[in-house]
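Okay, protein18.txt is below, compact mmCIF, C-alpha atoms:
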```
# COMPACT_ATOMS: atom_id res chain seq x y z
CA MET U 11 99.64 61.10 85.25
CA LYS U 12 102.02 64.00 85.87
CA LYS U 13 105.58 62.87 86.57
CA ILE U 14 107.96 64.76 88.84
CA ALA U 15 111.48 63.70 89.79
CA ILE U 16 113.03 65.18 92.93
CA ILE U 17 116.77 64.78 92.48
CA VAL U 18 118.43 65.08 95.86
CA ALA U 19 121.98 66.40 95.86
CA GLY U 20 122.30 67.90 99.29
CA GLY U 21 125.48 66.23 100.55
CA ALA U 22 129.01 67.55 100.82
CA GLY U 23 130.85 64.35 99.88
CA THR U 24 133.84 64.22 102.22
CA ARG U 25 134.33 60.52 101.45
CA MET U 26 135.41 61.39 97.88
CA GLU U 27 138.67 63.01 99.04
CA SER U 28 137.47 66.02 97.09
CA ILE U 29 136.25 69.48 98.08
CA LEU U 30 133.75 69.64 95.23
CA PRO U 31 130.44 67.98 96.23
CA LYS U 32 130.37 64.61 94.54
CA GLN U 33 127.32 65.38 92.39
CA PHE U 34 129.58 67.82 90.47
CA LEU U 35 132.48 65.44 89.90
CA LEU U 36 133.01 64.69 86.24
CA LEU U 37 132.19 61.36 84.69
CA LYS U 38 133.04 61.17 80.99
CA ASN U 39 133.39 64.96 80.99
CA LYS U 40 129.92 65.63 82.41
CA PRO U 41 129.00 66.23 86.06
CA ILE U 42 127.38 63.32 87.86
CA LEU U 43 124.27 65.48 88.31
CA TRP U 44 124.06 65.94 84.52
CA HIS U 45 123.94 62.16 84.04
CA SER U 46 121.11 61.86 86.59
CA ILE U 47 119.06 64.59 84.90
CA LYS U 48 119.71 62.92 81.55
CA ALA U 49 118.36 59.58 82.82
CA PHE U 50 115.02 61.09 83.84
CA ALA U 51 114.80 63.23 80.70
CA SER U 52 115.35 60.05 78.65
CA ALA U 53 112.66 58.13 80.54
CA PHE U 54 109.76 60.56 79.87
CA ASP U 55 109.37 63.51 77.50
CA ASP U 56 106.90 65.14 79.87
CA ILE U 57 108.73 64.68 83.19
CA GLU U 58 109.37 67.69 85.41
CA MET U 59 112.27 67.91 87.83
CA ILE U 60 113.02 69.52 91.15
CA ILE U 61 116.71 69.56 92.00
CA VAL U 62 117.66 69.93 95.65
CA LEU U 63 121.12 71.44 96.17
CA PRO U 64 123.11 73.18 98.89
CA GLU U 65 122.18 76.88 98.50
CA GLU U 66 125.67 77.91 97.41
CA TYR U 67 125.62 75.39 94.55
CA ILE U 68 122.24 76.22 93.03
CA GLU U 69 123.80 78.46 90.38
CA GLU U 70 126.12 75.63 89.37
CA GLY U 71 123.11 73.31 89.17
CA VAL U 72 121.23 75.74 86.95
CA ASN U 73 124.18 75.76 84.54
CA ILE U 74 124.35 71.99 84.45
CA ALA U 75 120.61 71.64 83.81
CA LYS U 76 120.58 74.33 81.07
CA GLU U 77 120.52 71.97 78.11
CA PHE U 78 117.43 70.21 79.45
CA THR U 79 115.28 73.24 80.31
CA ASP U 80 113.89 73.74 76.79
CA ALA U 81 112.19 70.36 76.97
CA HIS U 82 111.57 70.06 80.70
CA ASN U 83 110.35 72.24 83.52
CA ILE U 84 113.21 72.15 86.07
CA ASP U 85 113.04 73.87 89.45
CA PHE U 86 115.71 74.29 92.09
CA VAL U 87 115.38 74.32 95.85
CA LYS U 88 117.93 74.40 98.64
CA GLY U 89 118.64 71.35 100.80
CA GLY U 90 117.96 70.98 104.50
CA ASN U 91 119.92 69.56 107.40
CA THR U 92 118.72 66.01 106.81
CA ARG U 93 117.63 64.06 103.78
CA PHE U 94 114.09 64.27 105.17
CA ASP U 95 114.27 68.08 105.21
CA SER U 96 115.81 68.20 101.73
CA VAL U 97 113.08 66.02 100.24
CA LYS U 98 110.43 67.98 102.12
CA ASN U 99 111.74 71.22 100.60
CA GLY U 100 111.35 69.63 97.18
CA LEU U 101 107.85 68.35 97.93
CA GLY U 102 106.88 71.89 98.94
CA LEU U 103 106.86 72.86 95.24
CA ILE U 104 104.38 70.13 94.25
CA LYS U 105 100.78 71.36 94.08
CA GLU U 106 99.19 68.85 91.71
CA GLU U 107 98.62 65.12 91.85
CA ALA U 108 101.62 63.33 90.40
CA ILE U 109 103.85 60.29 90.49
CA ILE U 110 106.91 61.49 92.42
CA PHE U 111 110.34 59.94 91.99
CA VAL U 112 112.82 60.72 94.76
CA HIS U 113 116.30 60.02 93.47
CA ASP U 114 119.86 60.27 94.81
CA ALA U 115 121.75 62.56 92.42
CA VAL U 116 124.80 60.34 92.85
CA ARG U 117 122.97 57.29 91.41
CA CYS U 118 123.52 58.63 87.94
CA LEU U 119 123.71 55.24 86.23
CA VAL U 120 120.01 54.51 86.69
CA SER U 121 118.40 53.39 83.44
CA ALA U 122 115.41 55.05 81.77
CA GLU U 123 113.85 51.60 81.60
CA MET U 124 113.92 51.23 85.38
CA ILE U 125 112.45 54.70 85.90
CA GLN U 126 109.60 53.70 83.58
CA ARG U 127 109.00 50.47 85.51
CA CYS U 128 108.90 52.39 88.81
CA TYR U 129 106.29 54.73 87.30
CA GLU U 130 104.05 51.86 86.19
CA GLN U 131 104.18 50.10 89.54
CA ALA U 132 103.62 53.27 91.58
CA LEU U 133 100.65 54.11 89.37
CA HIS U 134 99.04 50.75 90.13
CA GLN U 135 100.28 49.89 93.63
CA GLY U 136 100.92 53.30 95.18
CA ASN U 137 104.69 52.98 95.38
CA ALA U 138 107.77 51.29 93.93
CA VAL U 139 111.04 50.97 95.82
CA PRO U 140 113.88 49.43 93.79
CA ALA U 141 115.86 46.72 95.54
CA ILE U 142 118.48 44.13 94.68
CA VAL U 143 119.37 40.92 96.50
CA ALA U 144 122.55 40.76 98.55
CA THR U 145 125.34 38.69 96.99
CA ASP U 146 127.46 38.67 100.14
CA THR U 147 126.98 36.98 103.47
CA ILE U 148 125.39 39.36 105.98
CA ARG U 149 125.68 39.60 109.76
CA MET U 150 123.82 41.87 112.11
CA ILE U 151 125.40 43.56 115.12
CA ASP U 152 123.52 42.63 118.27
CA GLY U 153 125.00 44.30 121.34
CA ASP U 154 128.62 43.14 121.66
CA LYS U 155 128.22 40.25 119.24
CA SER U 156 127.07 39.71 115.68
CA ILE U 157 124.64 37.14 114.35
CA SER U 158 124.36 35.63 110.89
CA ILE U 159 121.34 36.60 108.81
CA ASP U 160 119.78 34.68 105.94
CA ARG U 161 121.01 36.77 103.02
CA ASN U 162 118.08 35.64 100.86
CA LYS U 163 115.93 37.80 103.09
CA ILE U 164 118.09 40.91 102.69
CA ARG U 165 117.38 43.53 100.05
CA ILE U 166 119.68 46.42 99.24
CA ILE U 167 117.54 49.47 98.56
CA GLN U 168 118.12 51.92 95.71
CA THR U 169 116.39 54.95 94.25
CA PRO U 170 114.26 56.35 92.59
CA GLN U 171 111.83 55.60 95.39
CA THR U 172 108.57 56.29 93.61
CA PHE U 173 105.21 57.24 95.13
CA GLN U 174 101.82 58.65 94.36
CA SER U 175 101.78 62.23 95.63
CA THR U 176 98.62 61.45 97.62
CA ILE U 177 100.77 59.12 99.76
CA LEU U 178 104.08 60.96 99.87
CA LEU U 179 102.87 64.51 100.57
CA PRO U 180 100.89 63.65 103.72
CA ALA U 181 103.57 61.17 104.87
CA PHE U 182 106.08 64.03 104.92
CA GLU U 183 103.80 66.00 107.24
CA GLN U 184 104.85 63.63 110.04
CA GLU U 185 107.30 64.85 112.63
CA TYR U 186 110.88 63.85 111.77
CA ARG U 187 112.31 60.70 113.34
CA GLU U 188 115.85 59.34 113.22
CA THR U 189 114.59 56.17 111.54
CA PHE U 190 113.57 58.22 108.44
CA THR U 191 116.60 57.26 106.36
CA ASP U 192 114.73 57.07 103.07
CA GLU U 193 111.27 57.82 101.67
CA ALA U 194 110.13 54.21 102.14
CA SER U 195 110.72 54.48 105.89
CA VAL U 196 108.69 57.72 105.99
CA ALA U 197 105.77 56.18 104.04
CA GLU U 198 105.95 53.02 106.12
CA SER U 199 105.75 55.01 109.35
CA PHE U 200 102.67 56.67 107.82
CA GLY U 201 101.08 53.20 107.58
CA LYS U 202 101.73 52.43 103.93
CA LYS U 203 102.89 49.02 102.75
CA ILE U 204 106.07 49.25 100.67
CA PHE U 205 106.18 47.46 97.32
CA LEU U 206 109.67 46.54 96.18
CA ILE U 207 110.60 46.37 92.50
CA ASP U 208 113.68 44.87 90.83
CA GLY U 209 116.57 47.33 91.03
CA GLU U 210 119.72 47.27 88.90
CA VAL U 211 123.17 46.09 89.90
CA GLU U 212 124.68 48.99 87.96
CA ASN U 213 122.52 51.59 89.73
CA ILE U 214 125.24 52.30 92.27
CA LYS U 215 125.60 55.26 94.60
CA ILE U 216 128.80 57.11 93.81
CA THR U 217 130.21 57.81 97.25
CA ARG U 218 133.80 56.52 97.18
CA PRO U 219 136.63 56.92 94.67
CA ILE U 220 136.24 53.26 93.63
CA ASP U 221 132.60 53.98 92.71
CA LEU U 222 133.68 56.67 90.28
CA MET U 223 135.99 54.15 88.60
CA ILE U 224 133.15 51.63 88.40
CA ALA U 225 130.84 54.23 86.91
CA GLU U 226 133.40 55.06 84.23
CA LYS U 227 133.64 51.41 83.29
CA VAL U 228 129.86 51.06 83.12
CA LEU U 229 129.54 54.09 80.86
CA GLU U 230 132.37 52.88 78.63
CA LYS U 231 130.55 49.59 78.21
CA ARG U 232 127.26 51.36 77.38
CA ILE U 233 128.90 53.56 74.77
CA TYR U 234 130.54 50.49 73.27
CA LYS U 235 127.19 48.67 73.11
CA SER U 236 125.18 51.53 71.62
CA MET E 2 152.21 29.53 114.19
CA LYS E 3 151.81 27.53 111.00
CA LYS E 4 149.68 29.34 108.38
CA ILE E 5 147.49 27.54 105.88
CA ALA E 6 145.20 29.17 103.33
CA ILE E 7 142.36 27.12 101.87
CA ILE E 8 141.45 28.85 98.62
CA VAL E 9 138.00 27.71 97.57
CA ALA E 10 137.28 27.74 93.87
CA GLY E 11 134.59 25.12 93.52
CA GLY E 12 131.92 27.03 91.59
CA ALA E 13 130.99 26.88 87.92
CA GLY E 14 130.26 30.60 87.44
CA THR E 15 127.17 30.70 85.25
CA ARG E 16 126.56 34.34 86.20
CA MET E 17 129.66 35.44 84.29
CA GLU E 18 128.11 34.59 80.88
CA SER E 19 131.18 32.48 80.34
CA ILE E 20 131.76 28.74 80.14
CA LEU E 21 135.15 28.97 81.86
CA PRO E 22 134.78 28.91 85.69
CA LYS E 23 135.26 32.48 86.86
CA GLN E 24 138.39 31.72 88.90
CA PHE E 25 140.16 31.13 85.55
CA LEU E 26 139.03 34.32 83.84
CA LEU E 27 141.90 36.64 83.06
CA LEU E 28 142.50 39.86 84.92
CA LYS E 29 145.48 41.82 83.62
CA ASN E 30 146.56 38.70 81.72
CA LYS E 31 146.60 36.43 84.78
CA PRO E 32 143.81 34.12 85.97
CA ILE E 33 141.79 35.36 88.94
CA LEU E 34 143.03 32.33 90.90
CA TRP E 35 146.63 33.45 90.26
CA HIS E 36 145.94 36.83 91.84
CA SER E 37 144.45 35.13 94.94
CA ILE E 38 147.46 32.84 95.35
CA LYS E 39 149.74 35.85 94.88
CA ALA E 40 147.98 37.76 97.70
CA PHE E 41 148.60 34.98 100.23
CA ALA E 42 152.14 34.37 99.00
CA SER E 43 152.82 38.10 99.48
CA ALA E 44 151.39 38.11 103.01
CA PHE E 45 153.65 35.39 104.46
CA ASP E 46 156.81 33.72 103.17
CA ASP E 47 155.97 30.57 105.11
CA ILE E 48 152.29 30.18 104.26
CA GLU E 49 151.03 26.90 102.82
CA MET E 50 148.01 26.64 100.55
CA ILE E 51 145.30 24.14 99.77
CA ILE E 52 143.39 24.93 96.61
CA VAL E 53 139.92 23.41 96.23
CA LEU E 54 138.84 23.01 92.60
CA PRO E 55 136.32 21.02 90.56
CA GLU E 56 138.12 17.75 89.79
CA GLU E 57 138.32 18.42 86.04
CA TYR E 58 140.13 21.73 86.65
CA ILE E 59 142.81 20.57 89.07
CA GLU E 60 145.38 20.21 86.30
CA GLU E 61 144.68 23.79 85.23
CA GLY E 62 145.07 24.92 88.85
CA VAL E 63 148.42 23.14 89.14
CA ASN E 64 149.65 25.05 86.08
CA ILE E 65 148.50 28.38 87.47
CA ALA E 66 150.16 27.74 90.85
CA LYS E 67 153.45 26.56 89.29
CA GLU E 68 155.39 29.78 89.81
CA PHE E 69 154.62 29.73 93.54
CA THR E 70 155.46 26.12 94.36
CA ASP E 71 159.20 26.69 94.78
CA ALA E 72 158.54 28.98 97.73
CA HIS E 73 155.28 27.51 99.05
CA ASN E 74 153.82 24.10 99.72
CA ILE E 75 150.62 24.05 97.65
CA ASP E 76 148.18 21.13 97.65
CA PHE E 77 145.10 20.54 95.55
CA VAL E 78 141.87 18.84 96.48
CA LYS E 79 138.57 18.45 94.64
CA GLY E 80 135.47 20.40 95.65
CA GLY E 81 132.25 18.97 97.05
CA ASN E 82 128.58 19.63 96.38
CA THR E 83 128.38 22.53 98.82
CA ARG E 84 130.84 25.10 100.09
CA PHE E 85 130.78 23.22 103.40
CA ASP E 86 131.87 20.00 101.67
CA SER E 87 134.54 21.82 99.65
CA VAL E 88 136.07 23.43 102.73
CA LYS E 89 135.83 20.14 104.61
CA ASN E 90 137.78 18.42 101.83
CA GLY E 91 140.47 21.05 102.24
CA LEU E 92 140.52 20.73 106.03
CA GLY E 93 141.02 16.97 105.60
CA LEU E 94 144.64 17.64 104.58
CA ILE E 95 145.46 19.61 107.76
CA LYS E 96 147.13 17.47 110.42
CA GLU E 97 148.98 20.08 112.50
CA GLU E 98 147.88 23.04 114.58
CA ALA E 99 147.66 26.13 112.40
CA ILE E 100 145.91 29.39 111.69
CA ILE E 101 143.61 28.54 108.79
CA PHE E 102 142.42 31.14 106.29
CA VAL E 103 139.40 30.12 104.22
CA HIS E 104 139.22 32.35 101.17
CA ASP E 105 136.98 32.72 98.12
CA ALA E 106 139.24 32.34 95.08
CA VAL E 107 137.20 35.03 93.35
CA ARG E 108 138.13 37.64 95.99
CA CYS E 109 141.48 38.11 94.35
CA LEU E 110 141.90 41.78 95.31
CA VAL E 111 142.42 41.02 99.01
CA SER E 112 145.50 42.80 100.33
CA ALA E 113 148.47 41.13 102.03
CA GLU E 114 148.02 43.65 104.84
CA MET E 115 144.49 42.44 105.58
CA ILE E 116 145.58 38.80 105.52
CA GLN E 117 148.24 39.69 108.10
CA ARG E 118 145.69 41.48 110.31
CA CYS E 119 143.38 38.45 110.16
CA TYR E 120 146.27 36.24 111.26
CA GLU E 121 147.09 38.42 114.26
CA GLN E 122 143.51 38.60 115.46
CA ALA E 123 142.84 34.87 115.00
CA LEU E 124 146.02 34.11 116.92
CA HIS E 125 144.81 36.17 119.87
CA GLN E 126 141.02 35.83 119.74
CA GLY E 127 140.47 32.51 118.00
CA ASN E 128 139.00 33.90 114.81
CA ALA E 129 138.81 36.93 112.51
CA VAL E 130 135.98 37.46 110.05
CA PRO E 131 136.41 40.51 107.79
CA ALA E 132 133.37 42.75 107.46
CA ILE E 133 132.49 46.15 106.05
CA VAL E 134 129.57 48.41 106.88
CA ALA E 135 126.66 48.71 104.49
CA THR E 136 126.50 51.99 102.57
CA ASP E 137 122.99 51.38 101.23
CA THR E 138 119.63 51.29 102.94
CA ILE E 139 118.66 47.74 103.82
CA ARG E 140 115.26 46.06 104.11
CA MET E 141 114.47 42.56 105.26
CA ILE E 142 111.80 40.37 103.68
CA ASP E 143 109.31 39.27 106.31
CA GLY E 144 106.60 37.05 104.85
CA ASP E 145 104.82 39.01 102.11
CA LYS E 146 106.19 42.36 103.24
CA SER E 147 109.56 43.95 103.88
CA ILE E 148 110.74 45.94 106.87
CA SER E 149 113.43 48.58 107.11
CA ILE E 150 116.55 47.66 109.06
CA ASP E 151 119.04 49.99 110.74
CA ARG E 152 121.92 49.82 108.27
CA ASN E 153 124.43 50.74 110.97
CA LYS E 154 123.82 47.29 112.40
CA ILE E 155 124.43 45.48 109.12
CA ARG E 156 127.84 44.08 108.21
CA ILE E 157 128.75 42.68 104.82
CA ILE E 158 130.99 39.69 105.33
CA GLN E 159 134.12 38.93 103.31
CA THR E 160 136.92 36.40 103.34
CA PRO E 161 139.52 35.22 104.38
CA GLN E 162 137.55 33.93 107.34
CA THR E 163 140.39 33.03 109.66
CA PHE E 164 140.40 30.52 112.52
CA GLN E 165 142.60 28.55 114.85
CA SER E 166 142.58 24.96 113.60
CA THR E 167 141.56 23.81 117.09
CA ILE E 168 138.25 25.60 116.51
CA LEU E 169 137.66 25.05 112.80
CA LEU E 170 138.53 21.35 112.53
CA PRO E 171 136.06 20.15 115.20
CA ALA E 172 133.41 22.65 114.03
CA PHE E 173 133.47 20.98 110.62
CA GLU E 174 132.74 17.60 112.23
CA GLN E 175 129.17 18.83 112.75
CA GLU E 176 126.47 17.49 110.49
CA TYR E 177 125.78 19.84 107.57
CA ARG E 178 122.91 22.33 107.88
CA GLU E 179 121.47 24.67 105.26
CA THR E 180 122.40 27.66 107.41
CA PHE E 181 126.12 26.87 106.94
CA THR E 182 126.72 29.51 104.27
CA ASP E 183 130.21 30.43 105.45
CA GLU E 184 132.79 29.28 107.99
CA ALA E 185 131.62 31.80 110.60
CA SER E 186 128.15 30.23 110.60
CA VAL E 187 129.73 26.77 111.09
CA ALA E 188 131.91 27.95 114.00
CA GLU E 189 128.99 29.85 115.50
CA SER E 190 126.78 26.78 115.42
CA PHE E 191 129.65 24.99 117.22
CA GLY E 192 129.30 27.56 120.04
CA LYS E 193 132.12 29.93 119.15
CA LYS E 194 131.74 33.69 119.31
CA ILE E 195 132.68 35.37 116.02
CA PHE E 196 135.08 38.30 116.09
CA LEU E 197 134.71 40.67 113.16
CA ILE E 198 137.66 42.62 111.77
CA ASP E 199 137.71 45.56 109.35
CA GLY E 200 137.39 44.28 105.79
CA GLU E 201 138.26 46.20 102.64
CA VAL E 202 135.89 47.90 100.21
CA GLU E 203 138.06 46.70 97.32
CA ASN E 204 137.97 43.07 98.47
CA ILE E 205 135.06 42.28 96.18
CA LYS E 206 133.80 38.90 95.05
CA ILE E 207 134.06 38.66 91.28
CA THR E 208 130.75 37.10 90.29
CA ARG E 209 129.29 39.37 87.62
CA PRO E 210 130.76 40.97 84.48
CA ILE E 211 130.68 44.39 86.18
CA ASP E 212 132.87 42.99 88.98
CA LEU E 213 135.55 42.04 86.49
CA MET E 214 135.53 45.63 85.20
CA ILE E 215 135.82 46.97 88.73
CA ALA E 216 138.70 44.62 89.47
CA GLU E 217 140.55 45.82 86.37
CA LYS E 218 140.16 49.43 87.53
CA VAL E 219 141.40 48.58 91.01
CA LEU E 220 144.48 46.81 89.66
CA GLU E 221 145.20 49.67 87.24
CA LYS E 222 145.13 52.10 90.17
CA ARG E 223 147.47 49.86 92.22
CA ILE E 224 149.98 49.58 89.40
CA TYR E 225 149.83 53.34 88.94
CA LYS E 226 150.47 53.88 92.67
CA SER E 227 153.35 51.42 93.05
```
As structure tokens - that is how I would like this structure written.
Amino acid sequence: MKKIAIIVAGGAGTRMESILPKQFLLLKNKPILWHSIKAFASAFDDIEMIIVLPEEYIEEGVNIAKEFTDAHNIDFVKGGNTRFDSVKNGLGLIKEEAIIFVHDAVRCLVSAEMIQRCYEQALHQGNAVPAIVATDTIRMIDGDKSISIDRNKIRIIQTPQTFQSTILLPAFEQEYRETFTDEASVAESFGKKIFLIDGEVENIKITRPIDLMIAEKVLEKRIYKS
Amino acid sequence: MKKIAIIVAGGAGTRMESILPKQFLLLKNKPILWHSIKAFASAFDDIEMIIVLPEEYIEEGVNIAKEFTDAHNIDFVKGGNTRFDSVKNGLGLIKEEAIIFVHDAVRCLVSAEMIQRCYEQALHQGNAVPAIVATDTIRMIDGDKSISIDRNKIRIIQTPQTFQSTILLPAFEQEYRETFTDEASVAESFGKKIFLIDGEVENIKITRPIDLMIAEKVLEKRIYKS
């Protein structure tokens, strides 16, 4: 089936102590967004991409994507006020049935192998939401106190959250709610059961300076291995 | 008040792809356990320590702690089958009223400043359990499905979990339960309200090879800053 990755890079990244949005920060001399595009391009020769960016950064995004546009159809669309709106803007370009990957641009360490696994599961089960188990003890705030939670029951959710277009497109026709923090919550509210899939410890979200350091180390190790 | 840190290093560390228990792996040419001892020694001149180790590694621990034993009273005790048993073995050496820090040896990046904050809060409120907010979306397994959880309510728990001895010693007289995954859960089951305190993003648990890489980066940055 057709494969389309919506790479969401709408945020402004104040936590990075940097004015440049974090998807443009350099990692091994390439912008974070470049690494994300590369991961999807490596996963499938025939994948198309839709990159969601703040309007004033679309030109920058086009430059970054340039080396991939010979092989892949890549569109750009501006972000909205919420993640829901940003993804919805991206979905607006999709007219054919497809497997849709919705991916955080700042999770640029995702492997091609995991993207391929998400595709297979979504094809057969309707969706695939990558998750890893918690390695730390977890508590939940409950009013003015906190209660301990069985960490074996907790899953930390990653992206690409992957769906058949026949599920995701109508799900995004719902009216926005504050609980729509990711695509799984939107599909779930639309009545769809979510199917988790094994995520990757290294598939981190680069949101803090320490994450950038981690990402550098991960890439150094990959280069060393290959 | 008297200050005693129980540094728990009972585990065998199979996840590190290494035969050496992870608390002995080198980080900037010093064992992880050394860095943990150093953090507590830096926090308080008058702190005492009890280090819990597998019996066959106590000699190794004594060697690592050698440079701190002029300034600090450091005892060693062997670990038990569970974390509960290991901590209980450590508590068995405490005969006087004290503020007790229970710390994972593999969280060797903890700052002296945070240890001091934990002390102050435990002195005034009875306990201090460091926690950070979740930055990822969280789901909870519920039978054969998973449900989305408001991540603003989730706290990721760290150590040193810090208590007045008058709370922790009797709490550990309870019969062991499987839900006793940390000291907070033991104190809570004993009827004590848990008071969280701001943890530190860098205060990671070194359990996987990637964590060791992160820790190296964090230490490099600290050396560069100082």
Taking 2 positions as the minimum chain separation for residues in the same chain, which residues sit within 10 Å of U:Val18 when counting all atoms listed in the file? Answer as a list in words.
Ala15, Ile16, Gly20, Gly21, Gln33, Leu43, Ile60, Ile61, Val62, Leu63, Pro64, Val87, Lys88, Gly89, Arg93, Ser96, Val97, Gly100, Val112, His113, Asp114, Ala115 and Val116 of chain U
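Between atom CA of E:Asp137 and atom CA of U:Leu133 lies a distance of 25.4 Å.
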Give me, as an mmCIF file with C-alpha atoms, keeping the file's coordinate frame, the contact residues of chain E against chain U at a cut-off of 8 Å, counting all atoms listed in the file.
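In the end it all went to selection_7.cif:
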```
data_model
loop_
_atom_site.group_PDB
_atom_site.id
_atom_site.type_symbol
_atom_site.label_atom_id
_atom_site.label_comp_id
_atom_site.auth_asym_id
_atom_site.auth_seq_id
_atom_site.Cartn_x
_atom_site.Cartn_y
_atom_site.Cartn_z
ATOM 1 C CA ASP E 137 122.990 51.380 101.230
ATOM 2 C CA THR E 138 119.630 51.290 102.940
ATOM 3 C CA ILE E 139 118.660 47.740 103.820
ATOM 4 C CA ARG E 140 115.260 46.060 104.110
ATOM 5 C CA MET E 141 114.470 42.560 105.260
ATOM 6 C CA ILE E 142 111.800 40.370 103.680
ATOM 7 C CA ASP E 143 109.310 39.270 106.310
ATOM 8 C CA LYS E 146 106.190 42.360 103.240
ATOM 9 C CA SER E 147 109.560 43.950 103.880
ATOM 10 C CA SER E 149 113.430 48.580 107.110
ATOM 11 C CA ASP E 151 119.040 49.990 110.740
ATOM 12 C CA LYS E 154 123.820 47.290 112.400
ATOM 13 C CA ILE E 155 124.430 45.480 109.120
ATOM 14 C CA ARG E 156 127.840 44.080 108.210
ATOM 15 C CA ILE E 157 128.750 42.680 104.820
ATOM 16 C CA ILE E 158 130.990 39.690 105.330
ATOM 17 C CA GLN E 159 134.120 38.930 103.310
ATOM 18 C CA THR E 180 122.400 27.660 107.410
ATOM 19 C CA THR E 182 126.720 29.510 104.270
ATOM 20 C CA ASP E 183 130.210 30.430 105.450
ATOM 21 C CA SER E 186 128.150 30.230 110.600
ATOM 22 C CA LYS E 194 131.740 33.690 119.310
ATOM 23 C CA ILE E 195 132.680 35.370 116.020
ATOM 24 C CA PHE E 196 135.080 38.300 116.090
ATOM 25 C CA GLU E 203 138.060 46.700 97.320
ATOM 26 C CA ILE E 211 130.680 44.390 86.180
ATOM 27 C CA MET E 214 135.530 45.630 85.200
ATOM 28 C CA ILE E 215 135.820 46.970 88.730
ATOM 29 C CA LYS E 218 140.160 49.430 87.530
ATOM 30 C CA VAL E 219 141.400 48.580 91.010
#
```
One decimal, in Å: what's the spacing between atom CA of U:Lys32 and atom CA of E:Glu201?
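So the two atoms, atom CA of U:Lys32 and atom CA of E:Glu201, lie 21.6 Å apart.
Taking atom CA of E:Asp71 and atom CA of E:Asn204 as the two end points, the separation is 27.1 Å.
Distances to U:Ile125 were evaluated for U:Met59, U:Ile233, U:Leu36, U:Ala51 using all atoms listed in the file, and the minimum falls at U:Ala51.
Shortest separation to E:Lys4 among E:Glu60, E:Glu98, E:Glu68, E:Asp76 occurs at residue E:Glu98, atoms counted being only C-alpha atoms.
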Just the residues within 7 Å of stretch 161-166 of chain E, please, counting only C-alpha atoms, with nothing from its chain fewer than 3 positions along; format it as a PyMOL selection string.
chain E and resi 98-104+119-120+123-124+127-131+169-170+184
Shortest interatomic distance to U:Ser52 - which of U:Glu188, U:Glu230, U:Glu123, U:Glu130, counting all atoms listed in the file:
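Comparing U:Glu188, U:Glu230, U:Glu123, U:Glu130 against U:Ser52, the winner is U:Glu123.
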Reconstructed N, CA and C atoms for stretch 37-48 of chain U, given as a short mmCIF file (atom, residue, chain, number, x, y, z; two decimals), keeping the file's coordinate frame:
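As a result, result-v3.cif now contains:
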```
data_model
loop_
_atom_site.label_atom_id
_atom_site.label_comp_id
_atom_site.auth_asym_id
_atom_site.auth_seq_id
_atom_site.Cartn_x
_atom_site.Cartn_y
_atom_site.Cartn_z
N LEU U 37 132.23 62.74 85.14
CA LEU U 37 132.19 61.36 84.69
C LEU U 37 132.04 61.44 83.18
N LYS U 38 133.06 61.01 82.45
CA LYS U 38 133.04 61.17 80.99
C LYS U 38 132.76 62.64 80.61
N ASN U 39 133.45 63.52 81.30
CA ASN U 39 133.39 64.96 80.99
C ASN U 39 132.09 65.68 81.31
N LYS U 40 131.18 65.00 81.99
CA LYS U 40 129.92 65.63 82.41
C LYS U 40 129.76 65.42 83.91
N PRO U 41 129.21 66.42 84.61
CA PRO U 41 129.00 66.23 86.06
C PRO U 41 128.04 65.08 86.33
N ILE U 42 128.25 64.43 87.45
CA ILE U 42 127.38 63.32 87.86
C ILE U 42 125.91 63.76 87.83
N LEU U 43 125.64 64.97 88.31
CA LEU U 43 124.27 65.48 88.31
C LEU U 43 123.68 65.53 86.90
N TRP U 44 124.51 65.90 85.92
CA TRP U 44 124.06 65.94 84.52
C TRP U 44 123.57 64.56 84.09
N HIS U 45 124.33 63.52 84.44
CA HIS U 45 123.94 62.16 84.04
C HIS U 45 122.60 61.76 84.68
N SER U 46 122.39 62.19 85.93
CA SER U 46 121.11 61.86 86.59
C SER U 46 119.94 62.57 85.91
N ILE U 47 120.12 63.85 85.60
CA ILE U 47 119.06 64.59 84.90
C ILE U 47 118.76 63.92 83.55
N LYS U 48 119.82 63.57 82.86
CA LYS U 48 119.71 62.92 81.55
C LYS U 48 118.87 61.64 81.63
#
```
